[in-house]
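A.B. asks: Have a look at this one before I ask anything.
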Amino acid sequence: MGDTNAIATQGLTKQFERHIAIKNIDLEVAEGEVYGLIGPNGAGKTTLIRLLAMAEEATVGEIYLYGDRIVKEESNLRLKQYIGYLPDDFPLYEELTVWDYLDYFARLYFLQTPHRRRRLEEVLELVQLTSKRHSIIATLSRGMKQRLSLARTIIHEPILLLLDEPVSGLDPIARMQFREIIKVLQSAGMTILISSHVLSDLAELCTSIGIMELGSLVESASLKTLYERLSHQQIYIGILNNPQALIQELKQYSWVENCEIMPDSQQVKVYFTGNLEDSANLLRSLVLAGKLPKQKLL
Amino acid sequence: MASILNKFINQFIEQAGDFNPQLFRELKSRFNPRNIAIVSAIGILGQIALCFLFSSSLPLHPMSSNRYCLGTPPPNWQGYSDPNDYIPDNFCTKDLLGQLIINWQLWWLDLFTTVSIIGITILLVVGTYLLIADLAKEQIRGTLNFIRLSPQSVKTIFLGKLLGVPALLYWLTFLTIPLHFVAGIMANIPILLILAFYGVLIASCAFFFHLALLIGLTNSKSISFYSFAVSGGLLFYLMIMMGMTLWGDRGGFHSPLDWVGLFYPGKALVYLAQSTFLPFKTVTYLADNSLEKLLWYGQPIFNYAWSGSAFMLINYGIWTYAITRAINRRFRRPHSVWLSKKQSYGLTLSFIIITLGFVPKTTSSTPSYDNFVILQFLLFAFFMVLTGALSPQRQTLQDWARYRHQLSQTPRSMIKDLIWGEQSPSTLAIALNGGIVFLYTLPAILIFPLENYRLPVIMGLLLGLSINLFYALIFQRLLLLKTSNRLMGAVSVLAILTIFPLIAVVIVGARFTPISSIWFLTFMPMAAGQFIFGIASIIALLGQWIVIVLAAGEMTQKLKAIGSSESKRLIENSAQLS
């Protein structure tokens with residue numbers, strides 16, 4: 001199961017008391033992908049990420065990471081090394097210096113000297129905190145703390161990054177810096193699952209998108225497929241008679257990709273690639289051409 | 001100088017970090033030159049002050065009385081202004097060189113004992129407080145989750161915590177060891193015994209500190225309060241035990257309560273004082289014959305330092321191991337039960353084996369009946385802890401009721417699941433634990449000197465175990481309620497159920513009278529004495545079992561209802577989605 005996928009879930013469900021936070025989710029994320037998880041607050045994004053990060057246990061269902069199943073009631077120590085998890089809040093040891101903080105986590109993930117020292121320097125450079133290495137964490141700005149948290153997340157070179165709303169609460173410059181870092185990580189070949197409730201946060205980063213609503217994954221596809229799907233509107237035009245004439249007329253418009261007569265012969269289904277303004281123009285042209293549609297349905 | 005010290009400390013922390021990453025983080029936060037300097041100053045000045053204090057108690061002039069003088073007053077000595085000042089053999093005289101003859105061995109023993117008692121108290125109370133407070137801070141701040149998600153084993157993480165959080169306290173202890181060790185040697189205590197005492201002290205630290213970590217893992221908003229409450233409670237316990245050890249001459253209670261006293265590491269000081277061969281009338285504390293009277297299954301194992309210390313170490317070992325198992329579970333899965341059912345059976349057997357050993361009174365002419373009453377009290381306390389440790393929370397029970405067949409990779413029968421399963425209700429497991437206690441105790445009841453109390457003890461034990469099972473059932477059922485603070489509610493109800501019948505007994509004054517049937521409603525029915533064996537007790541036992549069966553049936557129905565209603569809802573939801 002899931003040999004080629006970085007993440008694969010089967011019937012994943014998480015229930016808190018009477019509230020089902022995650023409902024029967026089957027998710028597949030291929031290796032090397034940047035997968036964006038979109039949905040409003042309370043859609044279940046954080047719960048799903050926490051389940052994948054092993055911060056919570058699923059009520060029922062299975063999770064496979066790179067083909068290995070997360071075994072309930074076990075430590076899963078090997079699988080934990082695969083993952084870098086950045087939660088939406090980012091608690092830190094405020095009394096430590098930046099270097100000591102990262103050094104501690106590097107040790108937790110078995111990084112040995114001299115590689116550990118080299119890795120710390122690399123990561124600090126990546127998150128642009130080299131100049132702050134001896135600063136006490138409490139003295140850092142929110143953006144710096146966020147970048148430090150990301151540095152902590154990637155210190156052990158995980159192959160799967162789980163980022164829960166990583167740019168929320170950051171100013172535009174900090175957001176931009178953060179996105180640049182994620183692009184670098186993407187180019188390094190990490191599989192990244194990133195959540196946000198704003199599509200624009202993810203649009204330029206992700207290769208695939210999953211849309212969550214009320215605990216269910218209502219859509220999951222590559223960004224290209226999703227754009228194609230979104231750009232193909234279907235318009236139903238009601239007709240009184242002679243549908244062939246209408247089709248001939250419609251084929252003259254560049255926004256019309258294809259047309260078909262519905263079985264009741266009362267409607268023509270139009271595959272339309274234009275936007276709302278284009279559909280208004282189409283309607284106006286049809287009226288002017290004397291092909292007045294009975295009604296328009298989207 | 002400061003930079004050299006700093007470099008040395010950093011090197012030490014680096015090396016410690018290579019051994020244990022969690023230790024690295026704990027030392028980085030605490031083991032800095034400033035803190036070390038403060039603690040060192042406190043340690044050194046404290047020792048100097050103690051030495052001055054003891055020096056001031058040495059005699060200065062001859063012809064006076066002092067604890068550390070060895071002479072006897074000359075005949076017809078009339079020098080005391082108050083006849084009460086007269087202490088035989090403590091008269092201060094000078095030797096031929098004109099020096100006061102002083103019992104230096106006693107002086108060093110006093111110093112050794114004082115440092116030991118202060119050390120034990122500070123180490124355990126402050127250490128416990130620091131560990132609970134540290135985990136509380138980690139939980140409130142949210143950093144514990146990161147440690148939980150790391151690939152380090154629970155053992156590594158908590159070893160780091162145990163060694164690192166009280167690091168400054170260890171440093172303080174380390175600074176005290178030279179004075180303590182020298183005092184011991186000067187008091188003529190064998191080195192091996194001093195080392196054995198250190199062994200017992202380390203074992204007691206391991207036990208109490210693990211317990212502190214387990215309490216620290218409790219998911220409670222009041223965890224900060226717990227650190228004060230637990231360390232305060234521990235201080236109270238240590239003070240009581242210190243008093244009993246230093247000045248008690250009976251060697252304990254001669255009952256199963258002696259097991260409670262075995263958790264006080266200062267108990268081992270008796271062996272050290274014995275080894276000096278100073279007579280008790282000179283030392284006046286740590287009575288040398290006190291442990292001789294303490295028997296286990298009639299055997300004087302506390303008579304010898306090696307067997308007594310070994311028993312203490314084994315006792316610490318068993319309970320520390322049980323706590324480490326609970327820590328392991330609670331750290332990995334914060335909502336899981338504290339103990340698996342399998343572990344609980346082993347723990348119950350260990351408990352009854354150890355405590356039952358203190359029941360027989362072979363040196364006394366009176367039968368051991370009273371000790372069985374005390375054992376029943378301890379069993380009640382143990383079963384309450386066991387109930388808390390084995391009872392799953394509402395969410396877990398709901399999941400078990402709804403998804404039982406999907407949760408396990410290897411599905412098993414309902415009975416097997418109730419006996420061994422992690423998420424199933426605790427009731428059957430508590431009943432089995434009760435069975436273990438009964439089966440182990442039964443032969444002892446027949447062998448121990450109980451005269452005509454054998455049947456009352458058997459009946460009392462059955463009644464007590466049944467009522468413990470009833471409490472466990474009530475507790476588990478209350479955890480299934482939908483109210484917001486279920487745990488607190490369940491604990492409160494149990495407290496009422498256990499305390500009110502006792503109050504009723506006190507009001508009626510029912511001990512050893514025919515009205516003593518009221519005791520059957522308490523967790524100590526054995527206290528009803530000889531009246532326990534009669535028609536009333538048989539009716540009480542049958543009544544208890546009927547109530548237990550009815551309550552168990554009601555809970556089964558409730559769990560079935562939860563499971564079926566949820567399945568129905570899920571099916572409806574999926575039908576709607578499709």
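Here's how to read the names in the structure tokens: chain A, B, ... by the order shown, residue numbers from 1 in each chain, ligand numbers from 1 in the order shown.
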Neighbours of segment 34-41 of chain A within 8 Å (only C-alpha atoms; same-chain residues fewer than 4 positions away dropped), as a PDB file with C-alpha atoms, in the first residue's frame?
C.D. replies:
ATOM      1  CA  VAL A  29       0.399  12.700  -1.747  1.00  0.00           C
ATOM      2  CA  LYS A  45      -6.876  20.729   8.399  1.00  0.00           C
ATOM      3  CA  GLN A 186      10.872  22.130  -2.471  1.00  0.00           C
ATOM      4  CA  THR A 191       7.582  16.407   0.097  1.00  0.00           C
ATOM      5  CA  ILE A 192       5.668  19.260   1.676  1.00  0.00           C
ATOM      6  CA  LEU A 193       2.114  19.365   2.957  1.00  0.00           C
ATOM      7  CA  ILE A 194       1.111  22.894   3.793  1.00  0.00           C
ATOM      8  CA  SER A 195      -2.207  24.192   5.050  1.00  0.00           C
ATOM      9  CA  SER A 196      -3.895  27.544   4.811  1.00  0.00           C
ATOM     10  CA  HIS A 197      -7.382  28.942   4.699  1.00  0.00           C
ATOM     11  CA  VAL A 198      -6.306  31.355   1.958  1.00  0.00           C
ATOM     12  CA  LEU A 199      -5.774  29.925  -1.539  1.00  0.00           C
ATOM     13  CA  LEU A 202      -0.535  28.388  -1.566  1.00  0.00           C
ATOM     14  CA  LEU A 205       3.872  27.121  -4.090  1.00  0.00           C
ATOM     15  CA  CYS A 206       1.778  24.004  -4.531  1.00  0.00           C
ATOM     16  CA  THR A 207       1.734  21.285  -7.118  1.00  0.00           C
ATOM     17  CA  SER A 208      -1.469  19.773  -5.727  1.00  0.00           C
ATOM     18  CA  ILE A 209      -4.356  21.037  -3.704  1.00  0.00           C
ATOM     19  CA  GLY A 210      -6.797  19.407  -1.336  1.00  0.00           C
ATOM     20  CA  ILE A 211      -9.944  21.187  -0.292  1.00  0.00           C
ATOM     21  CA  MET A 212     -11.394  20.349   3.109  1.00  0.00           C
ATOM     22  CA  GLU A 213     -14.816  21.131   4.415  1.00  0.00           C
TER      23      GLU A 213
END
A.B. asks: Could you list, as a short mmCIF file (atom, residue, chain, number, x, y, z; two decimals) with C-alpha atoms, in the first residue's frame, every residue of chain B that has an atom within 6 Å of an atom of chain A, counting only C-alpha atoms?
C.D. replies:
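Saved the output as iface-v2.cif:
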data_model
loop_
_atom_site.label_atom_id
_atom_site.label_comp_id
_atom_site.auth_asym_id
_atom_site.auth_seq_id
_atom_site.Cartn_x
_atom_site.Cartn_y
_atom_site.Cartn_z
CA PRO B 21 20.15 15.23 24.32
CA ARG B 25 18.72 21.05 27.07
CA GLY B 142 3.35 23.48 24.60
CA THR B 143 6.95 22.37 24.13
CA PRO B 151 12.48 9.88 17.63
CA GLN B 395 -13.67 9.23 24.65
#
A.B. asks: Name the closest residue to Leu379 of chain B among the candidates B:Ile354, B:Ala322, B:Ile496, B:Phe52; distances are taken between atoms, counting only C-alpha atoms.
C.D. replies: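 For Leu379 of chain B, the nearest of the candidates is B:Ile354.
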A.B. asks: Counting only C-alpha atoms, which of B:Ile215, B:Leu479, B:Leu106, B:Ala206 gets nearest to Leu559 of chain B?
C.D. replies: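 Closest residue, counting only C-alpha atoms: B:Leu479.
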A.B. asks: Which distance in Å separates atom CA of Pro172 of chain A and atom CA of Leu124 of chain A, to one decimal?
C.D. replies: 21.2 Å
A.B. asks: Do you know which residues are at most 10 Å from Tyr271 of chain A counting only C-alpha atoms, after dropping those on the same chain fewer than 2 positions away, and could you put them as number ranges by chain?
C.D. replies: A: 231-236, 255-260, 268-269, 273-274
